[in-house]
Each structure stands twice: as structure tokens, then as C-alpha cells.
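> My structure is in structure_8.cif, and what it holds is mmCIF, C-alpha atoms:
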data_work
#
loop_
_atom_site.label_atom_id
_atom_site.label_comp_id
_atom_site.auth_asym_id
_atom_site.auth_seq_id
_atom_site.Cartn_x
_atom_site.Cartn_y
_atom_site.Cartn_z
CA MET P 599 350.53 132.76 29.14
CA THR P 600 353.38 130.23 29.20
CA PHE P 601 355.83 132.95 28.11
CA PHE P 602 354.55 135.25 30.87
CA LEU P 603 354.93 132.55 33.53
CA LYS P 604 358.47 131.81 32.41
CA LYS P 605 359.33 135.51 32.65
CA LEU P 606 357.70 135.72 36.08
CA CYS P 607 359.62 132.69 37.32
CA SER P 608 362.86 134.08 35.93
CA PHE P 609 362.23 137.39 37.65
CA GLY P 610 361.40 135.61 40.92
CA ILE P 611 364.58 133.55 40.79
CA LEU P 612 366.64 136.64 40.01
CA LEU P 613 365.02 138.56 42.89
CA ILE P 614 365.70 135.75 45.36
CA ALA P 615 369.31 135.52 44.18
CA VAL P 616 369.77 139.27 44.65
CA LEU P 617 368.20 139.19 48.13
CA LEU P 618 370.35 136.24 49.16
CA ALA P 619 373.51 137.93 47.92
CA ALA P 620 372.58 141.21 49.63
CA ASP P 621 371.71 139.38 52.85
CA TYR P 622 374.98 137.48 52.84
CA CYS P 623 377.00 140.68 52.38
CA LEU P 624 375.02 142.48 55.08
CA SER P 625 375.50 139.56 57.47
CA LYS P 626 379.28 139.77 57.01
CA VAL P 627 379.12 143.44 58.00
CA VAL P 628 376.82 142.91 60.99
CA ARG P 629 379.08 140.17 62.41
CA HIS P 630 381.62 142.89 63.22
CA ALA P 631 379.26 145.09 65.21
CA ASP P 632 380.72 146.73 68.33
CA GLU P 633 378.59 144.82 70.82
CA PRO P 634 379.79 142.24 73.37
CA ASN P 635 377.56 139.40 72.17
CA PHE P 636 378.72 139.86 68.57
CA GLU P 637 382.37 139.78 69.58
CA ILE P 638 381.89 136.59 71.60
CA TRP P 639 379.97 134.92 68.77
CA ARG P 640 382.79 135.89 66.37
CA ASP P 641 385.36 134.30 68.67
CA VAL P 642 383.28 131.15 69.10
CA MET P 643 382.42 130.68 65.42
CA SER P 644 385.98 131.36 64.25
CA GLY P 645 387.75 129.16 66.80
CA GLU P 646 389.28 132.16 68.59
CA ALA P 647 387.49 131.33 71.85
CA SER P 648 389.59 128.20 72.47
CA THR P 649 390.47 128.09 76.14
CA ASP P 650 391.34 125.86 79.10
CA ILE P 651 388.55 127.09 81.40
CA LEU P 652 385.27 127.83 79.62
CA ILE P 653 382.75 129.77 81.72
CA SER P 654 379.14 129.44 80.54
CA GLY P 655 375.97 131.21 81.67
CA ASP P 656 374.12 134.50 81.23
CA SER P 657 375.33 138.09 81.40
CA ARG P 658 376.66 137.66 84.94
CA VAL P 659 379.42 135.51 83.47
CA ASN P 660 380.47 138.48 81.35
CA THR P 661 380.44 140.99 84.21
CA ASP P 662 381.49 138.79 87.14
CA CYS P 663 384.32 136.64 85.73
CA TYR P 664 387.49 138.56 84.94
CA PRO P 665 389.83 136.27 82.94
CA PRO P 666 393.17 137.94 83.87
CA VAL P 667 392.53 137.24 87.57
CA ILE P 668 391.36 133.67 86.94
CA ASP P 669 394.32 133.05 84.64
CA SER P 670 396.85 134.37 87.14
CA VAL P 671 395.53 132.15 89.95
CA THR P 672 395.04 128.95 87.94
CA GLY P 673 397.91 129.30 85.48
CA LEU P 674 395.48 128.47 82.64
CA ARG P 675 393.53 130.45 80.05
CA SER P 676 389.88 131.29 80.74
CA TYR P 677 387.06 132.72 78.63
CA SER P 678 383.85 134.29 79.98
CA CYS P 679 381.45 132.86 77.41
CA GLY P 680 378.15 134.16 78.81
CA VAL P 681 375.18 135.00 76.58
CA ILE P 682 373.95 138.43 77.60
CA GLY P 683 370.17 138.48 78.12
CA HIS P 684 369.53 134.75 77.55
CA HIS P 685 368.99 131.61 79.58
CA PHE P 686 370.11 128.02 79.17
CA THR P 687 368.51 127.14 75.82
CA ILE P 688 370.64 129.76 74.06
CA GLN P 689 373.63 128.99 76.28
CA LYS P 690 373.43 125.40 75.00
CA ILE P 691 373.61 126.63 71.38
CA ARG P 692 376.65 128.71 72.33
CA TYR P 693 378.28 125.61 73.83
CA ASP P 694 377.43 123.49 70.76
CA MET P 695 379.12 126.03 68.50
CA TYR P 696 382.10 126.30 70.83
CA LYS P 697 382.47 122.54 70.80
CA ARG P 698 382.33 122.40 67.00
CA TYR P 699 384.89 125.13 66.26
CA ASN P 700 387.20 125.36 69.27
CA GLU P 701 389.60 123.25 71.30
CA LYS P 702 388.14 121.14 74.09
CA PRO P 703 388.50 122.91 77.47
CA VAL P 704 389.90 121.25 80.56
CA LEU P 705 387.12 122.62 82.75
CA LEU P 706 383.63 124.01 82.12
CA VAL P 707 382.22 126.37 84.75
CA GLN P 708 378.43 126.57 84.39
CA PHE P 709 376.57 129.38 86.16
CA VAL P 710 373.18 128.33 87.57
CA ASP P 711 370.42 130.31 89.24
CA ASN P 712 366.65 130.69 89.46
CA TRP P 713 366.54 132.00 85.88
CA LEU P 714 368.27 129.00 84.31
CA TYR P 715 365.08 127.60 82.77
CA GLY P 716 363.67 130.96 81.71
CA SER P 717 361.83 131.55 78.42
CA ILE P 718 363.64 132.53 75.24
CA SER P 719 363.97 136.30 75.13
CA LYS P 720 363.72 138.70 72.21
CA TYR P 721 366.50 140.72 73.85
CA ASP P 722 369.32 141.61 71.45
CA TYR P 723 367.89 139.18 68.87
CA GLN P 724 370.07 140.75 66.15
CA GLN P 725 373.10 138.90 67.55
CA PHE P 726 371.73 135.68 66.02
CA LEU P 727 370.95 137.02 62.54
CA PRO P 728 374.42 136.87 60.91
CA TRP P 729 374.90 133.24 61.95
CA MET P 730 371.71 131.91 60.37
CA TRP P 731 373.90 131.21 57.33
CA ASN P 732 375.66 128.52 59.35
CA PRO P 733 373.66 125.26 58.94
CA TYR P 734 374.67 123.93 62.37
CA PHE P 735 373.61 127.13 64.10
CA LEU P 736 370.38 127.23 62.08
CA LEU P 737 369.42 123.67 62.97
CA ASP P 738 370.23 124.19 66.65
CA PHE P 739 368.13 127.34 66.79
CA PHE P 740 365.26 125.74 64.85
CA GLU P 741 365.10 122.90 67.36
CA ILE P 742 364.37 125.23 70.27
CA ASP P 743 362.33 127.94 68.50
CA PRO P 744 360.97 126.92 65.04
CA SER P 745 358.70 129.93 64.44
CA GLN P 746 361.33 132.49 65.40
CA THR P 747 363.91 130.70 63.27
CA VAL P 748 361.72 130.96 60.17
CA SER P 749 361.17 134.71 60.61
CA MET P 750 364.88 135.21 61.29
CA SER P 751 365.83 133.37 58.10
CA ILE P 752 363.92 135.41 55.51
CA PRO P 753 366.63 136.99 53.31
CA TRP P 754 367.08 140.73 53.77
CA TYR P 755 363.65 141.25 55.38
CA ARG P 756 364.94 139.71 58.61
CA TYR P 757 367.08 142.82 59.08
CA HIS P 758 364.00 145.04 58.85
CA GLY P 759 364.00 147.66 61.61
CA LEU P 760 367.61 147.01 62.58
CA SER P 761 369.73 150.13 62.83
CA ILE P 762 373.16 149.14 61.56
CA ARG P 763 374.60 152.54 62.47
CA ASP P 764 373.58 152.14 66.12
CA MET P 765 375.44 148.84 66.27
CA PHE P 766 378.71 150.57 65.35
CA HIS P 767 378.27 153.82 67.24
CA GLU P 768 380.99 153.14 69.79
CA SER P 769 383.38 150.39 70.75
CA ARG P 770 382.16 148.05 73.47
CA GLN P 771 384.76 145.37 73.14
CA THR P 772 385.20 142.53 75.56
CA ARG P 773 388.33 140.99 77.06
CA ARG P 774 387.97 137.27 76.44
CA GLY P 775 384.26 137.65 77.09
CA TYR P 776 384.55 139.95 80.10
CA TYR P 777 382.64 143.19 79.63
CA ASN P 778 382.87 146.15 81.98
CA PHE P 779 379.32 147.51 82.23
CA ASP P 780 380.29 150.14 84.79
CA LYS P 781 380.45 153.19 82.54
CA TYR P 782 377.19 152.29 80.81
CA ARG P 783 375.24 151.92 84.07
CA ILE P 784 376.96 154.56 86.15
CA ASN P 785 373.63 156.18 87.10
CA SER P 786 371.71 152.94 87.68
CA PRO P 787 370.70 152.55 91.33
CA VAL P 788 371.85 149.35 92.99
CA SER P 789 368.51 147.84 93.98
CA ARG P 790 367.37 144.62 95.52
CA LEU P 791 365.60 141.98 93.46
CA SER P 792 361.84 141.95 92.88
CA ASP P 793 359.58 139.02 93.73
CA SER P 794 359.23 138.15 90.03
CA ASP P 795 363.02 138.12 89.66
CA LEU P 796 363.27 135.67 92.52
CA ALA P 797 360.72 133.20 91.14
CA PHE P 798 362.08 129.74 90.42
CA ARG P 799 360.21 127.58 87.93
CA ILE P 800 361.37 124.18 86.76
CA LYS P 801 360.30 123.49 83.17
CA PRO P 802 360.59 119.77 82.32
CA ARG P 803 361.74 120.19 78.72
CA LYS P 804 364.45 122.67 79.66
CA GLU P 805 365.49 120.69 82.69
CA SER P 806 365.87 117.65 80.42
CA LEU P 807 368.06 119.71 78.07
CA PHE P 808 370.22 120.83 81.00
CA ARG P 809 370.61 117.29 82.29
CA SER P 810 371.58 115.96 78.85
CA PHE P 811 374.12 118.80 78.65
CA LEU P 812 375.72 117.71 81.93
CA SER P 813 375.96 114.14 80.66
CA GLU P 814 377.40 115.31 77.32
CA VAL P 815 380.11 117.42 78.95
CA SER P 816 381.14 114.57 81.25
CA ALA P 817 381.14 112.08 78.36
CA ASP P 818 383.50 114.41 76.48
CA GLY P 819 386.03 114.11 79.31
CA ILE P 820 385.61 117.72 80.45
CA LYS P 821 385.58 118.49 84.16
CA LEU P 822 382.52 120.43 85.26
CA VAL P 823 381.52 122.65 88.17
CA LEU P 824 378.20 124.42 88.87
CA VAL P 825 378.37 127.94 90.30
CA MET P 826 375.82 130.23 91.93
CA ALA P 827 377.14 133.79 91.64
CA PRO P 828 376.59 136.58 94.18
CA LEU P 829 373.42 138.66 94.10
CA TYR P 830 373.15 142.03 95.80
CA GLY P 831 371.08 141.78 98.94
CA SER P 832 370.88 138.00 98.78
CA SER P 833 370.34 138.03 102.55
CA GLU P 834 366.88 139.52 101.86
CA MET P 835 365.90 136.68 99.53
CA PRO P 836 363.25 134.59 101.32
CA GLU P 837 365.30 131.92 103.05
CA ASP P 838 362.96 129.10 102.05
CA LEU P 839 363.26 130.08 98.38
CA CYS P 840 367.02 130.54 98.61
CA GLU P 841 367.42 127.15 100.24
CA ASN P 842 365.11 125.49 97.67
CA ILE P 843 367.31 126.79 94.86
CA ARG P 844 370.49 125.68 96.60
CA ARG P 845 369.02 122.26 97.37
CA TYR P 846 367.85 121.78 93.79
CA PHE P 847 371.30 122.40 92.29
CA ARG P 848 373.03 120.61 95.14
CA ASP P 849 370.94 117.52 94.41
CA ILE P 850 371.77 117.72 90.70
CA SER P 851 375.47 118.12 91.44
CA GLU P 852 375.42 115.07 93.72
CA GLU P 853 373.46 113.04 91.17
CA TYR P 854 376.01 113.77 88.45
CA GLY P 855 379.05 113.71 90.73
CA ILE P 856 380.13 117.29 90.05
CA PRO P 857 381.02 120.09 92.51
CA PHE P 858 378.59 122.88 93.33
CA LEU P 859 380.04 126.22 94.46
CA ASP P 860 377.53 128.53 96.11
CA TYR P 861 378.57 132.20 96.35
CA SER P 862 375.05 133.57 96.79
CA ASN P 863 375.78 134.58 100.39
CA MET P 864 379.46 135.46 100.18
CA PRO P 865 380.37 138.64 102.13
CA LEU P 866 380.35 140.98 99.12
CA SER P 867 376.63 140.25 98.52
CA ASP P 868 375.63 143.07 100.85
CA ASP P 869 378.29 145.53 99.74
CA LYS P 870 376.77 147.87 97.16
CA THR P 871 380.21 149.18 96.20
CA MET P 872 380.75 145.78 94.52
CA PHE P 873 377.67 145.90 92.25
CA ILE P 874 376.37 147.71 89.20
CA ASP P 875 372.82 146.60 89.96
CA GLY P 876 371.11 143.76 91.77
CA PHE P 877 372.36 141.21 89.26
CA HIS P 878 375.85 142.22 88.10
CA LEU P 879 379.15 142.88 89.82
CA ASN P 880 381.13 145.97 88.88
CA ARG P 881 384.82 146.06 88.00
CA LYS P 882 385.88 145.97 91.64
CA GLY P 883 383.46 143.18 92.58
CA SER P 884 384.38 141.04 89.59
CA ARG P 885 388.00 140.92 90.66
CA VAL P 886 387.13 139.87 94.23
CA PHE P 887 384.72 137.19 93.01
CA SER P 888 387.06 135.93 90.28
CA ASP P 889 389.84 135.49 92.81
CA SER P 890 387.56 133.44 95.10
CA LEU P 891 386.28 131.31 92.21
CA ALA P 892 389.75 130.63 90.83
CA ASN P 893 391.17 129.65 94.23
CA ASP P 894 388.26 127.29 94.87
CA ILE P 895 388.81 125.68 91.46
CA VAL P 896 392.45 125.08 92.37
CA ASN P 897 391.67 123.84 95.89
CA LEU P 898 389.11 121.36 94.56
CA GLY P 899 391.70 119.90 92.22
CA LEU P 900 389.62 120.64 89.14
CA ILE P 901 392.69 121.63 87.12
#
Once more with this new file: its structure as C-alpha cells, please.

Amino acid sequence: MTFFLKKLCSFGILLIAVLLAADYCLSKVVRHADEPNFEIWRDVMSGEASTDILISGDSRVNTDCYPPVIDSVTGLRSYSCGVIGHHFTIQKIRYDMYKRYNEKPVLLVQFVDNWLYGSISKYDYQQFLPWMWNPYFLLDFFEIDPSQTVSMSIPWYRYHGLSIRDMFHESRQTRRGYYNFDKYRINSPVSRLSDSDLAFRIKPRKESLFRSFLSEVSADGIKLVLVMAPLYGSSEMPEDLCENIRRYFRDISEEYGIPFLDYSNMPLSDDKTMFIDGFHLNRKGSRVFSDSLANDIVNLGLI
């Protein structure tokens, strides 16, 4: 019996070693997938995202902020470091990793909206898998979602159901985080936002995380500005809701002594030729918005 148990243990150790080795090799391959989130994570984790103006937020950062325009107006480098499909909890992990591996920016532009405190999404979860080998990333992720972290850390099995071929089927590269969605949503109707999309819920734990983030950025000597980006048809958002959202972020900005730039009602908000859908600007719209944002950054003396 003792001999059998020793053999079984030896086999188990060998199997785990093989799975770990296979998982590590697969992770190195997956890191180079042709998807925007993978490319941004690669830049962040390798130190290639170092920039003067770091723009943080969700997918609207990636579609709305066009670095070449911002760079030309400000005379500094910018990087659109949005996390496509995810709200502030994941954005905070992205910032933590940026801070660890990249140069400190001069200015951090943080996008805010009624989705800021949204729940963690399963959207594009595969983008996190290759980085679970990084202990800092793993610990950060475990802190916000322990159960998901465990399932995403099981060697080899965690890639179950993931089509590697689909991740490399065509190039979807970004330009310092900017990603032109136009050709992938060419047939998507530009629609106004639903009532559920317009809901604004403050979740104490996530609000506390956001507030500690603001304090951390300021303590690091980085200038900070909060930005509300344009939404298509924002004039049809219930005015009391729209004003509540503005007031909430305006109060936070005043409390922390940081500027708040509200573009939710800028003229292009009702021009459908500027949007891909109700949430994202197209190539044309991104250049108009980026020019306005960059000029306001300069005029406020933030750089």
C-alpha cells in the first residue's frame, strides 16, 4: 500500500508539473492575441505604456480618445488605457499594474459615468488569464473577486472552452490604446440609451475604492482630472438623473480639489454621424472630442 501511495503521489506531482509547464507556455502564446485588451495589457505589463498623459476608464477611452490629436495639442505623449467591457474595479487593477511597471505620468485623465461602480463582468474574461502568473496581478484580482480568481488559476483547465484560433483570426491592433471600432460595427444602428443603461447606483465598497484611488494618485504627485464623455442623445437623458450624476462627480471633484470636465452635453452629442452606437464615438467623433479635451487640459494648466 505504501509503495502504491508513493507511486500515486509521484504521478500526481508529475501531472501537476506537466500542466503547469503547458499552462505557462500557452499563456505566453495567448498574451500575443490580436485583441485590443491583450495589446494594452502587454504594453502595461512590459513597461511599454509609459506616457505623460494616462487616460483611464472603460471602452469609451479606447474609442473616444485619439492620442495623435491629444499629443499634437498638448505637446506630450498620451495613452488611451481603457479596459474594454469593465468598470472601475478592473480599471484600478490596470492602474496598479501601470504604476508598477511604467513611468509615472504627469497627468491622469479618469473617465467617470453612471456605470463607474458597475459589477464585475465576465466579458472578454480571457484577457486576464495569461497574467495570472504575475503574483501582483493575481493578488489584486483575488482581492476584488476571490471565487473567480480561483477558477481562473487552475492550470490548463482555466483555458477550457477558449478558442485560441479565434483570438488570432485577424489583426485588431490599437494605436497607443486607441481602437477604431468603426469597421466592426458598421451595420450597428446608432440608438439612444435604455433606462437600464441610464441607471446610476452608488455601491459603498466600490465608491470607497474609487476615493482611495483619487487620494493615491494625488499622493503620488500626479495631476488628475475627471471627465464625463459624450453620449449620443444625452439631451434625452432624464434631466434630473443627468444632473444627479453631474452633481455627484462635481461634489467629489470639489472635495478632492481636482477639475471635472463635463462633455455629456457638448454639441456632437446629438450628431449621429459622430457615433458608432449610443456609447462610443466613431473615428470622426473621436478626433473632435480629443481636440476639445486636449485644449481644455492645456487651458486649465494641467500640463
> Take CA of Val627 in chain P and CA of Tyr696 in chain P and report the distance between them in Å, one decimal.
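Computing it gives 21.6 Å between the two atoms.
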> Going by the chain IDs and residue numbers used in this file, which residues fall under the PyMOL selection byres ((chain P and resi 739-749) around 12)? Write them as a PyMOL selection string.
chain P and resi 686-692+694-695+717-720+723+726-727+729-738+750-758+803-804+807
> Which range 645-718 of chain P residues have any atom within 6 Å of an atom of range 816-831 of chain P, and for each, what is the nearest pair of atoms with distance in Å to one decimal, counting all atoms listed in the file, rows sorted by chain and number, as a tab-separated table?

residue	atom	partner	partner_atom	distance
P:Val704	CA	P:Ile820	CA	5.6
P:Leu705	CA	P:Lys821	CA	4.6
P:Leu706	CA	P:Leu822	CA	4.9
P:Val707	CA	P:Val823	CA	5.1
P:Gln708	CA	P:Leu824	CA	5.0
P:Phe709	CA	P:Val825	CA	4.7
P:Val710	CA	P:Met826	CA	5.4
> Care to translate the PyMOL selection byres ((chain P and resi 898) around 12) into actual residues of this file, as a ChimeraX atom specification?
/P:672,821-823,856-859,891-897,899-901
> Would you mind exporting C-alpha atoms of the selected residues as a PDB file, keeping the file's coordinate frame?

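File out.pdb, as written:
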ATOM      1  CA  THR P 672     395.040 128.950  87.940  1.00  0.00           C
ATOM      2  CA  LYS P 821     385.580 118.490  84.160  1.00  0.00           C
ATOM      3  CA  LEU P 822     382.520 120.430  85.260  1.00  0.00           C
ATOM      4  CA  VAL P 823     381.520 122.650  88.170  1.00  0.00           C
ATOM      5  CA  ILE P 856     380.130 117.290  90.050  1.00  0.00           C
ATOM      6  CA  PRO P 857     381.020 120.090  92.510  1.00  0.00           C
ATOM      7  CA  PHE P 858     378.590 122.880  93.330  1.00  0.00           C
ATOM      8  CA  LEU P 859     380.040 126.220  94.460  1.00  0.00           C
ATOM      9  CA  LEU P 891     386.280 131.310  92.210  1.00  0.00           C
ATOM     10  CA  ALA P 892     389.750 130.630  90.830  1.00  0.00           C
ATOM     11  CA  ASN P 893     391.170 129.650  94.230  1.00  0.00           C
ATOM     12  CA  ASP P 894     388.260 127.290  94.870  1.00  0.00           C
ATOM     13  CA  ILE P 895     388.810 125.680  91.460  1.00  0.00           C
ATOM     14  CA  VAL P 896     392.450 125.080  92.370  1.00  0.00           C
ATOM     15  CA  ASN P 897     391.670 123.840  95.890  1.00  0.00           C
ATOM     16  CA  GLY P 899     391.700 119.900  92.220  1.00  0.00           C
ATOM     17  CA  LEU P 900     389.620 120.640  89.140  1.00  0.00           C
ATOM     18  CA  ILE P 901     392.690 121.630  87.120  1.00  0.00           C
TER      19      ILE P 901
END
> Give as a tab-separated table (two decimals) with C-alpha atoms, keeping the file's coordinate frame the residues that the PyMOL selection byres ((chain P and resi 846) around 12) matches when applied to the coordinates above.

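As a result, out_17.tsv now contains:
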chain	number	residue	atom	x	y	z
P	710	VAL	CA	373.18	128.33	87.57
P	711	ASP	CA	370.42	130.31	89.24
P	712	ASN	CA	366.65	130.69	89.46
P	714	LEU	CA	368.27	129.00	84.31
P	798	PHE	CA	362.08	129.74	90.42
P	799	ARG	CA	360.21	127.58	87.93
P	800	ILE	CA	361.37	124.18	86.76
P	805	GLU	CA	365.49	120.69	82.69
P	824	LEU	CA	378.20	124.42	88.87
P	826	MET	CA	375.82	130.23	91.93
P	839	LEU	CA	363.26	130.08	98.38
P	840	CYS	CA	367.02	130.54	98.61
P	841	GLU	CA	367.42	127.15	100.24
P	842	ASN	CA	365.11	125.49	97.67
P	843	ILE	CA	367.31	126.79	94.86
P	844	ARG	CA	370.49	125.68	96.60
P	845	ARG	CA	369.02	122.26	97.37
P	847	PHE	CA	371.30	122.40	92.29
P	848	ARG	CA	373.03	120.61	95.14
P	849	ASP	CA	370.94	117.52	94.41
P	850	ILE	CA	371.77	117.72	90.70
P	851	SER	CA	375.47	118.12	91.44
P	852	GLU	CA	375.42	115.07	93.72
P	853	GLU	CA	373.46	113.04	91.17
P	858	PHE	CA	378.59	122.88	93.33
> Find, counting all atoms listed in the file, the residue in P:Lys870, P:Pro728, P:Gly759, P:Ser890 that gets nearest to Leu624 in chain P.
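Of the candidates, the smallest distance to Leu624 in chain P is held by P:Pro728.
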> Which of these residues is nearest to Gly683 in chain P, using only C-alpha atoms: P:Phe609, P:Tyr776, P:Phe636, P:Tyr721?
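Smallest separation from Gly683 in chain P among the options: P:Tyr721.
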> So how many Å separate CA of Phe808 in chain P and CA of His684 in chain P, to one decimal?
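Spanning CA of Phe808 in chain P to CA of His684 in chain P is a straight-line distance of 14.4 Å.
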> Have a look at CA of Gly716 in chain P and CA of Pro703 in chain P and let me know their distance in Å, one decimal.
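Atom-to-atom, CA of Gly716 in chain P and CA of Pro703 in chain P are spaced 26.4 Å apart.
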> Pick out the closest residue to Ile668 in chain P from this set: P:Asp650, P:Leu613, P:Asp641, P:Asp860. Count only C-alpha atoms.
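For Ile668 in chain P, the nearest of the candidates is P:Asp650.
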> From the options P:Asp662, P:Asp656, P:Glu646, P:Asp621, which residue's atoms come nearest to Arg885 in chain P, counting only C-alpha atoms?
P:Asp662
> Counting only C-alpha atoms, figure out which residue out of P:Arg629, P:Lys882, P:Lys801, P:His685 gets nearest to Met643 in chain P.
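Smallest distance to Met643 in chain P is found for P:Arg629.
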> Around the point (388.8, 128.0, 66.7) in the file's coordinates, collect all residues with an atom within 6 Å, using only C-alpha atoms, and return them as a PyMOL selection string.
chain P and resi 644-646+648+699-700
> Generate N, CA and C atoms for range 618-631 of chain P and emit them as a PDB file, keeping the file's coordinate frame.

ATOM      1  N   LEU P 618     369.420 137.123  48.471  1.00  0.00           N
ATOM      2  CA  LEU P 618     370.350 136.240  49.160  1.00  0.00           C
ATOM      3  C   LEU P 618     371.765 136.823  49.168  1.00  0.00           C
ATOM      4  N   ALA P 619     372.173 137.343  48.015  1.00  0.00           N
ATOM      5  CA  ALA P 619     373.510 137.930  47.920  1.00  0.00           C
ATOM      6  C   ALA P 619     373.626 139.158  48.824  1.00  0.00           C
ATOM      7  N   ALA P 620     372.570 140.002  48.801  1.00  0.00           N
ATOM      8  CA  ALA P 620     372.580 141.210  49.630  1.00  0.00           C
ATOM      9  C   ALA P 620     372.575 140.841  51.109  1.00  0.00           C
ATOM     10  N   ASP P 621     371.784 139.825  51.458  1.00  0.00           N
ATOM     11  CA  ASP P 621     371.710 139.380  52.850  1.00  0.00           C
ATOM     12  C   ASP P 621     373.047 138.827  53.320  1.00  0.00           C
ATOM     13  N   TYR P 622     373.693 138.080  52.484  1.00  0.00           N
ATOM     14  CA  TYR P 622     374.980 137.480  52.840  1.00  0.00           C
ATOM     15  C   TYR P 622     376.016 138.574  53.095  1.00  0.00           C
ATOM     16  N   CYS P 623     376.042 139.573  52.222  1.00  0.00           N
ATOM     17  CA  CYS P 623     377.000 140.680  52.380  1.00  0.00           C
ATOM     18  C   CYS P 623     376.698 141.481  53.640  1.00  0.00           C
ATOM     19  N   LEU P 624     375.404 141.736  53.889  1.00  0.00           N
ATOM     20  CA  LEU P 624     375.020 142.480  55.080  1.00  0.00           C
ATOM     21  C   LEU P 624     375.375 141.702  56.338  1.00  0.00           C
ATOM     22  N   SER P 625     375.172 140.399  56.305  1.00  0.00           N
ATOM     23  CA  SER P 625     375.500 139.560  57.470  1.00  0.00           C
ATOM     24  C   SER P 625     376.984 139.639  57.799  1.00  0.00           C
ATOM     25  N   LYS P 626     377.837 139.671  56.778  1.00  0.00           N
ATOM     26  CA  LYS P 626     379.280 139.770  57.010  1.00  0.00           C
ATOM     27  C   LYS P 626     379.630 141.081  57.692  1.00  0.00           C
ATOM     28  N   VAL P 627     378.895 142.145  57.362  1.00  0.00           N
ATOM     29  CA  VAL P 627     379.120 143.440  58.000  1.00  0.00           C
ATOM     30  C   VAL P 627     378.645 143.419  59.443  1.00  0.00           C
ATOM     31  N   VAL P 628     377.428 142.903  59.661  1.00  0.00           N
ATOM     32  CA  VAL P 628     376.820 142.910  60.990  1.00  0.00           C
ATOM     33  C   VAL P 628     377.626 142.069  61.983  1.00  0.00           C
ATOM     34  N   ARG P 629     378.282 141.030  61.510  1.00  0.00           N
ATOM     35  CA  ARG P 629     379.080 140.170  62.410  1.00  0.00           C
ATOM     36  C   ARG P 629     380.151 140.956  63.159  1.00  0.00           C
ATOM     37  N   HIS P 630     380.547 142.109  62.617  1.00  0.00           N
ATOM     38  CA  HIS P 630     381.620 142.890  63.220  1.00  0.00           C
ATOM     39  C   HIS P 630     381.100 144.092  64.002  1.00  0.00           C
ATOM     40  N   ALA P 631     379.839 144.011  64.418  1.00  0.00           N
ATOM     41  CA  ALA P 631     379.260 145.090  65.210  1.00  0.00           C
ATOM     42  C   ALA P 631     379.980 145.223  66.551  1.00  0.00           C
TER      43      ALA P 631
END
